[in-house]
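J.: Got a file for you: my_file.cif, mmCIF, C-alpha atoms; chains and numbers go by the auth columns.
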data_structure
loop_
_atom_site.group_PDB
_atom_site.id
_atom_site.type_symbol
_atom_site.label_atom_id
_atom_site.label_comp_id
_atom_site.label_asym_id
_atom_site.label_seq_id
_atom_site.Cartn_x
_atom_site.Cartn_y
_atom_site.Cartn_z
_atom_site.B_iso_or_equiv
_atom_site.auth_seq_id
_atom_site.auth_asym_id
ATOM 1 C CA ASP A 1 54.651 165.954 98.379 0.00 1 A
ATOM 2 C CA THR A 2 53.583 169.546 99.034 0.00 2 A
ATOM 3 C CA GLU A 3 49.861 168.973 98.900 0.00 3 A
ATOM 4 C CA VAL A 4 47.212 170.480 101.105 0.00 4 A
ATOM 5 C CA THR A 5 43.731 169.151 100.449 0.00 5 A
ATOM 6 C CA GLN A 6 40.440 170.850 101.242 0.00 6 A
ATOM 7 C CA THR A 7 36.862 169.616 101.182 0.00 7 A
ATOM 8 C CA PRO A 8 34.347 170.422 99.968 0.00 8 A
ATOM 9 C CA LYS A 9 35.383 172.365 96.886 0.00 9 A
ATOM 10 C CA HIS A 10 32.102 174.268 96.822 0.00 10 A
ATOM 11 C CA LEU A 11 29.535 174.842 99.570 0.00 11 A
ATOM 12 C CA VAL A 12 26.208 176.630 99.530 0.00 12 A
ATOM 13 C CA MET A 13 24.560 177.151 102.884 0.00 13 A
ATOM 14 C CA GLY A 14 21.701 179.081 104.362 0.00 14 A
ATOM 15 C CA MET A 15 22.114 181.514 107.214 0.00 15 A
ATOM 16 C CA THR A 16 20.686 179.046 109.728 0.00 16 A
ATOM 17 C CA ASN A 17 22.786 176.071 108.656 0.00 17 A
ATOM 18 C CA LYS A 18 25.763 174.514 110.381 0.00 18 A
ATOM 19 C CA LYS A 19 28.543 173.201 108.167 0.00 19 A
ATOM 20 C CA SER A 20 32.256 172.412 108.396 0.00 20 A
ATOM 21 C CA LEU A 21 35.221 172.906 106.120 0.00 21 A
ATOM 22 C CA LYS A 22 38.038 170.393 106.265 0.00 22 A
ATOM 23 C CA CYS A 23 41.733 170.669 105.534 0.00 23 A
ATOM 24 C CA GLU A 24 44.424 167.984 105.573 0.00 24 A
ATOM 25 C CA GLN A 25 48.184 167.895 105.048 0.00 25 A
ATOM 26 C CA HIS A 26 50.701 165.077 105.308 0.00 26 A
ATOM 27 C CA MET A 27 53.905 167.073 105.109 0.00 27 A
ATOM 28 C CA GLY A 28 54.561 166.938 108.843 0.00 28 A
ATOM 29 C CA HIS A 29 53.951 170.675 109.146 0.00 29 A
ATOM 30 C CA ARG A 30 53.138 171.854 112.654 0.00 30 A
ATOM 31 C CA ALA A 31 51.529 175.182 111.754 0.00 31 A
ATOM 32 C CA MET A 32 48.196 175.394 109.960 0.00 32 A
ATOM 33 C CA TYR A 33 46.224 178.447 108.884 0.00 33 A
ATOM 34 C CA TRP A 34 42.787 179.540 107.765 0.00 34 A
ATOM 35 C CA TYR A 35 42.445 182.475 105.376 0.00 35 A
ATOM 36 C CA LYS A 36 39.454 184.202 103.851 0.00 36 A
ATOM 37 C CA GLN A 37 39.764 185.605 100.334 0.00 37 A
ATOM 38 C CA LYS A 38 37.208 187.896 98.737 0.00 38 A
ATOM 39 C CA ALA A 39 37.174 188.394 94.979 0.00 39 A
ATOM 40 C CA LYS A 40 40.104 190.416 93.620 0.00 40 A
ATOM 41 C CA LYS A 41 41.642 190.745 97.079 0.00 41 A
ATOM 42 C CA PRO A 42 44.599 189.092 98.814 0.00 42 A
ATOM 43 C CA PRO A 43 43.989 186.415 101.448 0.00 43 A
ATOM 44 C CA GLU A 44 43.169 187.671 104.954 0.00 44 A
ATOM 45 C CA LEU A 45 44.450 185.655 107.882 0.00 45 A
ATOM 46 C CA MET A 46 41.761 184.280 110.203 0.00 46 A
ATOM 47 C CA PHE A 47 43.402 181.707 112.493 0.00 47 A
ATOM 48 C CA VAL A 48 46.781 180.096 113.122 0.00 48 A
ATOM 49 C CA TYR A 49 47.354 176.782 114.868 0.00 49 A
ATOM 50 C CA SER A 50 50.810 175.832 116.073 0.00 50 A
ATOM 51 C CA TYR A 51 51.364 172.336 117.434 0.00 51 A
ATOM 52 C CA GLU A 52 47.587 171.861 117.517 0.00 52 A
ATOM 53 C CA LYS A 53 47.065 174.912 119.711 0.00 53 A
ATOM 54 C CA LEU A 54 45.340 178.099 118.583 0.00 54 A
ATOM 55 C CA SER A 55 48.042 180.756 118.374 0.00 55 A
ATOM 56 C CA ILE A 56 46.389 183.579 116.502 0.00 56 A
ATOM 57 C CA ASN A 57 42.749 184.597 116.144 0.00 57 A
ATOM 58 C CA GLU A 58 42.508 187.735 114.041 0.00 58 A
ATOM 59 C CA SER A 59 39.354 188.972 115.778 0.00 59 A
ATOM 60 C CA VAL A 60 37.195 186.635 113.747 0.00 60 A
ATOM 61 C CA PRO A 61 33.457 186.544 114.633 0.00 61 A
ATOM 62 C CA SER A 62 32.399 183.601 116.770 0.00 62 A
ATOM 63 C CA ARG A 63 30.223 182.219 113.987 0.00 63 A
ATOM 64 C CA PHE A 64 33.554 180.824 112.694 0.00 64 A
ATOM 65 C CA SER A 65 34.964 178.163 115.014 0.00 65 A
ATOM 66 C CA PRO A 66 38.295 176.492 114.201 0.00 66 A
ATOM 67 C CA GLU A 67 39.387 173.090 115.418 0.00 67 A
ATOM 68 C CA CYS A 68 42.646 171.176 115.072 0.00 68 A
ATOM 69 C CA PRO A 69 41.978 167.512 116.000 0.00 69 A
ATOM 70 C CA ASN A 70 45.547 166.418 115.218 0.00 70 A
ATOM 71 C CA SER A 71 48.680 167.638 113.497 0.00 71 A
ATOM 72 C CA SER A 72 47.377 166.759 110.021 0.00 72 A
ATOM 73 C CA LEU A 73 43.814 168.032 110.191 0.00 73 A
ATOM 74 C CA LEU A 74 42.214 171.434 110.491 0.00 74 A
ATOM 75 C CA ASN A 75 38.490 172.135 110.519 0.00 75 A
ATOM 76 C CA LEU A 76 36.494 175.320 110.320 0.00 76 A
ATOM 77 C CA HIS A 77 32.980 175.044 111.774 0.00 77 A
ATOM 78 C CA LEU A 78 30.448 177.487 110.388 0.00 78 A
ATOM 79 C CA HIS A 79 27.202 178.552 112.050 0.00 79 A
ATOM 80 C CA ALA A 80 24.727 181.362 111.425 0.00 80 A
ATOM 81 C CA LEU A 81 26.791 182.925 108.679 0.00 81 A
ATOM 82 C CA GLN A 82 25.895 186.095 106.851 0.00 82 A
ATOM 83 C CA PRO A 83 25.838 186.652 103.070 0.00 83 A
ATOM 84 C CA GLU A 84 28.946 188.842 103.405 0.00 84 A
ATOM 85 C CA ASP A 85 30.821 185.747 104.608 0.00 85 A
ATOM 86 C CA SER A 86 30.647 184.359 101.078 0.00 86 A
ATOM 87 C CA ALA A 87 34.251 183.984 99.931 0.00 87 A
ATOM 88 C CA LEU A 88 37.018 181.530 99.093 0.00 88 A
ATOM 89 C CA TYR A 89 38.334 179.919 102.286 0.00 89 A
ATOM 90 C CA LEU A 90 41.925 178.822 102.042 0.00 90 A
ATOM 91 C CA CYS A 91 43.851 176.494 104.301 0.00 91 A
ATOM 92 C CA ALA A 92 47.647 176.576 104.471 0.00 92 A
ATOM 93 C CA SER A 93 50.425 174.848 106.376 0.00 93 A
ATOM 94 C CA SER A 94 54.082 175.509 107.055 0.00 94 A
ATOM 95 C CA SER A 95 57.061 173.948 108.758 0.00 95 A
ATOM 96 C CA ARG A 96 59.345 175.533 111.299 0.00 96 A
ATOM 97 C CA THR A 97 62.940 176.463 110.547 0.00 97 A
ATOM 98 C CA SER A 98 65.793 175.548 112.869 0.00 98 A
ATOM 99 C CA GLY A 99 65.905 179.226 113.817 0.00 99 A
ATOM 100 C CA GLY A 100 62.361 179.056 115.140 0.00 100 A
ATOM 101 C CA ASN A 101 60.589 181.004 112.413 0.00 101 A
ATOM 102 C CA TYR A 102 57.905 179.479 110.261 0.00 102 A
ATOM 103 C CA TYR A 103 58.836 179.017 106.654 0.00 103 A
ATOM 104 C CA GLU A 104 56.841 179.323 103.439 0.00 104 A
ATOM 105 C CA GLN A 105 53.189 178.420 103.531 0.00 105 A
ATOM 106 C CA TYR A 106 51.626 175.849 101.242 0.00 106 A
ATOM 107 C CA PHE A 107 48.031 176.477 100.306 0.00 107 A
ATOM 108 C CA GLY A 108 45.158 174.196 99.490 0.00 108 A
ATOM 109 C CA PRO A 109 42.807 174.809 96.558 0.00 109 A
ATOM 110 C CA GLY A 110 40.188 176.409 98.765 0.00 110 A
ATOM 111 C CA THR A 111 36.479 176.008 99.450 0.00 111 A
ATOM 112 C CA ARG A 112 34.205 178.389 97.576 0.00 112 A
ATOM 113 C CA LEU A 113 31.489 179.266 100.124 0.00 113 A
ATOM 114 C CA THR A 114 28.207 180.910 99.212 0.00 114 A
ATOM 115 C CA VAL A 115 25.841 181.977 101.988 0.00 115 A
ATOM 116 C CA THR A 116 22.243 182.489 100.882 0.00 116 A
ATOM 117 C CA GLY B 1 53.668 197.169 110.991 0.00 117 B
ATOM 118 C CA ASP B 2 55.215 195.193 108.171 0.00 118 B
ATOM 119 C CA SER B 3 53.619 195.687 104.769 0.00 119 B
ATOM 120 C CA VAL B 4 53.994 194.977 101.063 0.00 120 B
ATOM 121 C CA THR B 5 53.196 197.278 98.158 0.00 121 B
ATOM 122 C CA GLN B 6 52.739 195.887 94.666 0.00 122 B
ATOM 123 C CA MET B 7 52.379 197.664 91.369 0.00 123 B
ATOM 124 C CA GLU B 8 48.775 198.176 90.393 0.00 124 B
ATOM 125 C CA GLY B 9 47.381 196.006 87.657 0.00 125 B
ATOM 126 C CA PRO B 10 46.061 194.746 85.484 0.00 126 B
ATOM 127 C CA VAL B 11 49.042 194.065 83.267 0.00 127 B
ATOM 128 C CA THR B 12 48.474 192.910 79.695 0.00 128 B
ATOM 129 C CA LEU B 13 51.374 191.621 77.607 0.00 129 B
ATOM 130 C CA SER B 14 51.860 189.838 74.344 0.00 130 B
ATOM 131 C CA GLU B 15 53.362 186.359 74.349 0.00 131 B
ATOM 132 C CA GLU B 16 57.186 186.373 74.596 0.00 132 B
ATOM 133 C CA ALA B 17 57.258 189.878 76.117 0.00 133 B
ATOM 134 C CA PHE B 18 59.392 190.729 79.153 0.00 134 B
ATOM 135 C CA LEU B 19 57.585 190.878 82.483 0.00 135 B
ATOM 136 C CA THR B 20 58.343 192.978 85.537 0.00 136 B
ATOM 137 C CA ILE B 21 55.999 193.250 88.512 0.00 137 B
ATOM 138 C CA ASN B 22 57.283 195.660 91.137 0.00 138 B
ATOM 139 C CA CYS B 23 57.123 194.853 94.841 0.00 139 B
ATOM 140 C CA THR B 24 58.472 196.881 97.740 0.00 140 B
ATOM 141 C CA TYR B 25 58.217 196.127 101.409 0.00 141 B
ATOM 142 C CA THR B 26 58.380 197.783 104.809 0.00 142 B
ATOM 143 C CA ALA B 27 59.641 195.689 107.690 0.00 143 B
ATOM 144 C CA THR B 28 61.284 196.246 111.055 0.00 144 B
ATOM 145 C CA GLY B 29 63.140 192.930 111.055 0.00 145 B
ATOM 146 C CA TYR B 30 64.570 190.621 108.409 0.00 146 B
ATOM 147 C CA PRO B 31 61.609 188.918 106.775 0.00 147 B
ATOM 148 C CA SER B 32 61.525 186.210 104.176 0.00 148 B
ATOM 149 C CA LEU B 33 60.012 187.289 100.865 0.00 149 B
ATOM 150 C CA PHE B 34 57.792 185.304 98.532 0.00 150 B
ATOM 151 C CA TRP B 35 55.945 185.409 95.262 0.00 151 B
ATOM 152 C CA TYR B 36 52.736 183.400 95.035 0.00 152 B
ATOM 153 C CA VAL B 37 50.642 182.804 91.908 0.00 153 B
ATOM 154 C CA GLN B 38 46.906 182.176 91.809 0.00 154 B
ATOM 155 C CA TYR B 39 45.286 180.737 88.686 0.00 155 B
ATOM 156 C CA PRO B 40 41.537 181.226 88.199 0.00 156 B
ATOM 157 C CA GLY B 41 39.480 179.159 90.611 0.00 157 B
ATOM 158 C CA GLU B 42 42.510 177.820 92.474 0.00 158 B
ATOM 159 C CA GLY B 43 44.468 178.378 95.666 0.00 159 B
ATOM 160 C CA LEU B 44 47.818 180.108 95.922 0.00 160 B
ATOM 161 C CA GLN B 45 50.929 178.349 94.683 0.00 161 B
ATOM 162 C CA LEU B 46 54.375 179.256 95.928 0.00 162 B
ATOM 163 C CA LEU B 47 56.308 180.516 92.913 0.00 163 B
ATOM 164 C CA LEU B 48 59.622 181.468 94.504 0.00 164 B
ATOM 165 C CA LYS B 49 61.171 182.658 97.742 0.00 165 B
ATOM 166 C CA ALA B 50 64.193 184.428 99.229 0.00 166 B
ATOM 167 C CA THR B 51 65.125 184.363 102.884 0.00 167 B
ATOM 168 C CA LYS B 52 67.926 186.921 103.162 0.00 168 B
ATOM 169 C CA ALA B 53 69.382 189.944 101.438 0.00 169 B
ATOM 170 C CA ASP B 54 70.862 189.355 97.953 0.00 170 B
ATOM 171 C CA ASP B 55 69.206 185.933 97.674 0.00 171 B
ATOM 172 C CA LYS B 56 67.731 185.275 94.245 0.00 172 B
ATOM 173 C CA GLY B 57 64.664 183.080 94.033 0.00 173 B
ATOM 174 C CA SER B 58 63.873 181.426 90.723 0.00 174 B
ATOM 175 C CA ASN B 59 61.338 178.972 89.326 0.00 175 B
ATOM 176 C CA LYS B 60 59.755 178.255 85.941 0.00 176 B
ATOM 177 C CA GLY B 61 61.686 181.114 84.309 0.00 177 B
ATOM 178 C CA PHE B 62 60.603 183.647 86.954 0.00 178 B
ATOM 179 C CA GLU B 63 63.206 185.399 89.094 0.00 179 B
ATOM 180 C CA ALA B 64 63.266 187.874 91.984 0.00 180 B
ATOM 181 C CA THR B 65 66.157 189.227 94.052 0.00 181 B
ATOM 182 C CA TYR B 66 65.881 190.303 97.687 0.00 182 B
ATOM 183 C CA ARG B 67 67.247 193.865 97.681 0.00 183 B
ATOM 184 C CA LYS B 68 67.623 195.202 101.208 0.00 184 B
ATOM 185 C CA GLU B 69 69.005 198.559 100.116 0.00 185 B
ATOM 186 C CA THR B 70 65.922 199.331 98.032 0.00 186 B
ATOM 187 C CA THR B 71 63.521 197.145 100.092 0.00 187 B
ATOM 188 C CA SER B 72 62.364 195.515 96.881 0.00 188 B
ATOM 189 C CA PHE B 73 61.610 192.060 95.499 0.00 189 B
ATOM 190 C CA HIS B 74 60.595 192.634 91.887 0.00 190 B
ATOM 191 C CA LEU B 75 59.354 189.669 89.848 0.00 191 B
ATOM 192 C CA GLU B 76 60.774 189.222 86.337 0.00 192 B
ATOM 193 C CA LYS B 77 60.420 186.796 83.454 0.00 193 B
ATOM 194 C CA GLY B 78 62.186 187.105 80.155 0.00 194 B
ATOM 195 C CA SER B 79 59.490 185.668 77.910 0.00 195 B
ATOM 196 C CA VAL B 80 55.929 185.206 79.143 0.00 196 B
ATOM 197 C CA GLN B 81 53.494 182.613 77.850 0.00 197 B
ATOM 198 C CA VAL B 82 49.703 182.577 77.679 0.00 198 B
ATOM 199 C CA SER B 83 49.786 179.992 80.484 0.00 199 B
ATOM 200 C CA ASP B 84 51.361 182.590 82.810 0.00 200 B
ATOM 201 C CA SER B 85 48.078 184.494 82.927 0.00 201 B
ATOM 202 C CA ALA B 86 47.169 184.624 86.616 0.00 202 B
ATOM 203 C CA VAL B 87 47.208 186.853 89.681 0.00 203 B
ATOM 204 C CA TYR B 88 50.613 187.313 91.325 0.00 204 B
ATOM 205 C CA PHE B 89 50.991 188.138 95.015 0.00 205 B
ATOM 206 C CA CYS B 90 54.144 189.427 96.677 0.00 206 B
ATOM 207 C CA ALA B 91 54.351 188.503 100.370 0.00 207 B
ATOM 208 C CA LEU B 92 56.604 188.767 103.386 0.00 208 B
ATOM 209 C CA SER B 93 56.832 186.801 106.585 0.00 209 B
ATOM 210 C CA ASP B 94 58.997 186.787 109.674 0.00 210 B
ATOM 211 C CA GLY B 95 57.057 184.103 111.498 0.00 211 B
ATOM 212 C CA TYR B 96 53.421 183.077 111.459 0.00 212 B
ATOM 213 C CA ASP B 97 52.276 186.357 110.048 0.00 213 B
ATOM 214 C CA MET B 98 52.354 186.485 106.261 0.00 214 B
ATOM 215 C CA ARG B 99 51.533 189.877 104.732 0.00 215 B
ATOM 216 C CA PHE B 100 50.358 189.936 101.127 0.00 216 B
ATOM 217 C CA GLY B 101 50.416 192.681 98.563 0.00 217 B
ATOM 218 C CA ALA B 102 47.180 193.575 96.783 0.00 218 B
ATOM 219 C CA GLY B 103 47.961 191.268 93.868 0.00 219 B
ATOM 220 C CA THR B 104 48.678 191.991 90.212 0.00 220 B
ATOM 221 C CA ARG B 105 46.563 190.414 87.502 0.00 221 B
ATOM 222 C CA LEU B 106 48.587 189.430 84.450 0.00 222 B
ATOM 223 C CA THR B 107 46.981 188.628 81.116 0.00 223 B
ATOM 224 C CA VAL B 108 49.169 187.319 78.297 0.00 224 B
ATOM 225 C CA LYS B 109 47.708 187.444 74.797 0.00 225 B
ATOM 226 C CA PRO B 110 48.807 185.172 71.949 0.00 226 B
#
Is it possible to express this structure as C-alpha cells?
T.:
Amino acid sequence: DTEVTQTPKHLVMGMTNKKSLKCEQHMGHRAMYWYKQKAKKPPELMFVYSYEKLSINESVPSRFSPECPNSSLLNLHLHALQPEDSALYLCASSSRTSGGNYYEQYFGPGTRLTVT
Amino acid sequence: GDSVTQMEGPVTLSEEAFLTINCTYTATGYPSLFWYVQYPGEGLQLLLKATKADDKGSNKGFEATYRKETTSFHLEKGSVQVSDSAVYFCALSDGYDMRFGAGTRLTVKP
C-alpha cells in the first residue's frame, strides 16, 4: 500500500478563519513533507518532518503552522491567510534507505485551498 | 545548488506516436532521479526512478536511463495513449530535498 491520504479535498476559507489540513500515511515512513503548488508550477517544499521532528522550514510565513502528532499523521494549521495563499497543498512521505538517504516520495491527492 | 531543467511544453502528440521529454540535471553529489506524473486535479504519482548511473527506470511503457556522462534522464514511451495526457515532472533528490523541473504538459489526441 503506497497511499497517502489528505483531508479535506477542497477548502474555502476567509482571511480571518482558522483551519487545518490533515495528512495520513500507513507505510511506516518516517519523513513527511508539506508542499505548496500553484497552477502550472512544480511543487514548492514548505516543511519536512523526520522522526516527528521538524527538520526543514523553507522560510514559510508563520500563518502556516505544521504539526506532526505521531509518525503517521501530519497537520498544517492555517490562520490569517492571504488570497495569494490559494493553491494546491500536497503532503508526501518517504522512507529512509540503509545508506541514510531518504528515498522516493509518495504524494497524497492534495487539498485545493481557496482563500477569499 | 542542485537543479533540474526540463524541455518546455506543451507537447501535443497523436495517439501511438513516440514520446521523448528531455530532462537534464546539475548536481554536486550522486542524486537519485525520478519522473512523476500529475493528472488533472490530482497529486503527483511516482512514474519511475533510478538511483545510480546507467540504471534504467521503467513503468507502464515509460522508460528513462540515468546518464551521468550527459547528466540526463530523458523520459521515453514508444506509443502514447490518450490516457497519458498529463503533466510530467522530472526530479532529483539526494536526501530530504527533492528538486523538481518546471513540468511538461503532454496532450495526446485520438
J.: Just give me the gap between atom CA of A:Ala87 and atom CA of B:Gly125 in Å, one decimal is fine.
T.: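 These atoms are spaced 21.6 Å apart.
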J.: Considering only C-alpha atoms, extract the chain A residues located within 12 Å of chain B and return them as a PyMOL selection string.
T.: chain A and resi 2-6+9-10+30-50+54-58+87-97+99-112
J.: Could you turn the residues from that selection into a file that holds C-alpha atoms, as a PDB file, in the coordinates of the input?
T.:
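And here's part07.pdb as it stands now:
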ATOM      1  CA  THR A   2      53.583 169.546  99.034  1.00  0.00           C
ATOM      2  CA  GLU A   3      49.861 168.973  98.900  1.00  0.00           C
ATOM      3  CA  VAL A   4      47.212 170.480 101.105  1.00  0.00           C
ATOM      4  CA  THR A   5      43.731 169.151 100.449  1.00  0.00           C
ATOM      5  CA  GLN A   6      40.440 170.850 101.242  1.00  0.00           C
ATOM      6  CA  LYS A   9      35.383 172.365  96.886  1.00  0.00           C
ATOM      7  CA  HIS A  10      32.102 174.268  96.822  1.00  0.00           C
ATOM      8  CA  ARG A  30      53.138 171.854 112.654  1.00  0.00           C
ATOM      9  CA  ALA A  31      51.529 175.182 111.754  1.00  0.00           C
ATOM     10  CA  MET A  32      48.196 175.394 109.960  1.00  0.00           C
ATOM     11  CA  TYR A  33      46.224 178.447 108.884  1.00  0.00           C
ATOM     12  CA  TRP A  34      42.787 179.540 107.765  1.00  0.00           C
ATOM     13  CA  TYR A  35      42.445 182.475 105.376  1.00  0.00           C
ATOM     14  CA  LYS A  36      39.454 184.202 103.851  1.00  0.00           C
ATOM     15  CA  GLN A  37      39.764 185.605 100.334  1.00  0.00           C
ATOM     16  CA  LYS A  38      37.208 187.896  98.737  1.00  0.00           C
ATOM     17  CA  ALA A  39      37.174 188.394  94.979  1.00  0.00           C
ATOM     18  CA  LYS A  40      40.104 190.416  93.620  1.00  0.00           C
ATOM     19  CA  LYS A  41      41.642 190.745  97.079  1.00  0.00           C
ATOM     20  CA  PRO A  42      44.599 189.092  98.814  1.00  0.00           C
ATOM     21  CA  PRO A  43      43.989 186.415 101.448  1.00  0.00           C
ATOM     22  CA  GLU A  44      43.169 187.671 104.954  1.00  0.00           C
ATOM     23  CA  LEU A  45      44.450 185.655 107.882  1.00  0.00           C
ATOM     24  CA  MET A  46      41.761 184.280 110.203  1.00  0.00           C
ATOM     25  CA  PHE A  47      43.402 181.707 112.493  1.00  0.00           C
ATOM     26  CA  VAL A  48      46.781 180.096 113.122  1.00  0.00           C
ATOM     27  CA  TYR A  49      47.354 176.782 114.868  1.00  0.00           C
ATOM     28  CA  SER A  50      50.810 175.832 116.073  1.00  0.00           C
ATOM     29  CA  LEU A  54      45.340 178.099 118.583  1.00  0.00           C
ATOM     30  CA  SER A  55      48.042 180.756 118.374  1.00  0.00           C
ATOM     31  CA  ILE A  56      46.389 183.579 116.502  1.00  0.00           C
ATOM     32  CA  ASN A  57      42.749 184.597 116.144  1.00  0.00           C
ATOM     33  CA  GLU A  58      42.508 187.735 114.041  1.00  0.00           C
ATOM     34  CA  ALA A  87      34.251 183.984  99.931  1.00  0.00           C
ATOM     35  CA  LEU A  88      37.018 181.530  99.093  1.00  0.00           C
ATOM     36  CA  TYR A  89      38.334 179.919 102.286  1.00  0.00           C
ATOM     37  CA  LEU A  90      41.925 178.822 102.042  1.00  0.00           C
ATOM     38  CA  CYS A  91      43.851 176.494 104.301  1.00  0.00           C
ATOM     39  CA  ALA A  92      47.647 176.576 104.471  1.00  0.00           C
ATOM     40  CA  SER A  93      50.425 174.848 106.376  1.00  0.00           C
ATOM     41  CA  SER A  94      54.082 175.509 107.055  1.00  0.00           C
ATOM     42  CA  SER A  95      57.061 173.948 108.758  1.00  0.00           C
ATOM     43  CA  ARG A  96      59.345 175.533 111.299  1.00  0.00           C
ATOM     44  CA  THR A  97      62.940 176.463 110.547  1.00  0.00           C
ATOM     45  CA  GLY A  99      65.905 179.226 113.817  1.00  0.00           C
ATOM     46  CA  GLY A 100      62.361 179.056 115.140  1.00  0.00           C
ATOM     47  CA  ASN A 101      60.589 181.004 112.413  1.00  0.00           C
ATOM     48  CA  TYR A 102      57.905 179.479 110.261  1.00  0.00           C
ATOM     49  CA  TYR A 103      58.836 179.017 106.654  1.00  0.00           C
ATOM     50  CA  GLU A 104      56.841 179.323 103.439  1.00  0.00           C
ATOM     51  CA  GLN A 105      53.189 178.420 103.531  1.00  0.00           C
ATOM     52  CA  TYR A 106      51.626 175.849 101.242  1.00  0.00           C
ATOM     53  CA  PHE A 107      48.031 176.477 100.306  1.00  0.00           C
ATOM     54  CA  GLY A 108      45.158 174.196  99.490  1.00  0.00           C
ATOM     55  CA  PRO A 109      42.807 174.809  96.558  1.00  0.00           C
ATOM     56  CA  GLY A 110      40.188 176.409  98.765  1.00  0.00           C
ATOM     57  CA  THR A 111      36.479 176.008  99.450  1.00  0.00           C
ATOM     58  CA  ARG A 112      34.205 178.389  97.576  1.00  0.00           C
TER      59      ARG A 112
END
J.: Within 8 Å of stretch 63-74 of chain A, counting all atoms listed in the file, which residues qualify if same-chain residues fewer than 6 places away don't, as a list in words?
T.: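 Final neighbour list, sorted by chain and number: Lys22, Cys23, Glu24, Gln25, His26, Gly28, His29, Arg30, Met32, Phe47, Tyr49, Tyr51, Glu52, Lys53, Ala80 and Leu81 of chain A.
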J.: Pick the closest to B:Asp200 from B:Pro226, B:Gly117, B:Gly173, B:Gly145: which is it, counting all atoms listed in the file?
T.: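 Between B:Pro226, B:Gly117, B:Gly173, B:Gly145, the residue approaching B:Asp200 most closely is B:Pro226.
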J.: Name the residues that the PyMOL selection byres ((chain B and resi 187-190) around 6) pulls out of this structure, and write them as a PDB file with C-alpha atoms, in the coordinates of the input.
T.:
ATOM      1  CA  ILE B 137      55.999 193.250  88.512  1.00  0.00           C
ATOM      2  CA  ASN B 138      57.283 195.660  91.137  1.00  0.00           C
ATOM      3  CA  CYS B 139      57.123 194.853  94.841  1.00  0.00           C
ATOM      4  CA  THR B 140      58.472 196.881  97.740  1.00  0.00           C
ATOM      5  CA  TYR B 141      58.217 196.127 101.409  1.00  0.00           C
ATOM      6  CA  ALA B 180      63.266 187.874  91.984  1.00  0.00           C
ATOM      7  CA  THR B 181      66.157 189.227  94.052  1.00  0.00           C
ATOM      8  CA  TYR B 182      65.881 190.303  97.687  1.00  0.00           C
ATOM      9  CA  ARG B 183      67.247 193.865  97.681  1.00  0.00           C
ATOM     10  CA  LYS B 184      67.623 195.202 101.208  1.00  0.00           C
ATOM     11  CA  GLU B 185      69.005 198.559 100.116  1.00  0.00           C
ATOM     12  CA  THR B 186      65.922 199.331  98.032  1.00  0.00           C
ATOM     13  CA  LEU B 191      59.354 189.669  89.848  1.00  0.00           C
TER      14      LEU B 191
END
J.: Quick one: residues within 7 Å of B:Thr223, all atoms listed in the file, excluding same-chain residues fewer than 6 positions away - as a short mmCIF file (atom, residue, chain, number, x, y, z; two decimals) with C-alpha atoms, in the frame of the given file?
T.:
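The resulting file, selection-v9.cif, is reproduced below:
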data_model
loop_
_atom_site.label_atom_id
_atom_site.label_comp_id
_atom_site.auth_asym_id
_atom_site.auth_seq_id
_atom_site.Cartn_x
_atom_site.Cartn_y
_atom_site.Cartn_z
CA VAL B 127 49.04 194.06 83.27
CA THR B 128 48.47 192.91 79.69
CA LEU B 129 51.37 191.62 77.61
CA SER B 201 48.08 184.49 82.93
CA ALA B 202 47.17 184.62 86.62
#
J.: Counting only C-alpha atoms, I want the residues whose atoms come within 10 Å of (28.5, 186.8, 100.9) in the file frame, returned as a VMD selection string.
T.: chain A and resid 38 81 to 87 113 to 116
J.: Just the number, please: distance in Å from atom CA of B:Gln122 to atom CA of B:Glu192, one decimal.
T.: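 Straight-line distance from atom CA of B:Gln122 to atom CA of B:Glu192 works out to 13.4 Å.
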J.: Please, what distance in Å, to one decimal, runs between atom CA of B:Lys193 and atom CA of B:Asp118?
T.: 26.6 Å
J.: Of the residues B:Thr121, B:Thr142, B:Ser130, B:Ser174, which is the one nearest to B:Val196, using only C-alpha atoms?
T.: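 Closest to B:Val196, using only C-alpha atoms: B:Ser130.
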J.: Which residues, written as number ranges by chain, have at least one atom at most 8 Å from B:Glu132, with all atoms listed in the file counted and residues fewer than 5 positions away on the same chain left out?
T.: B: 194-197
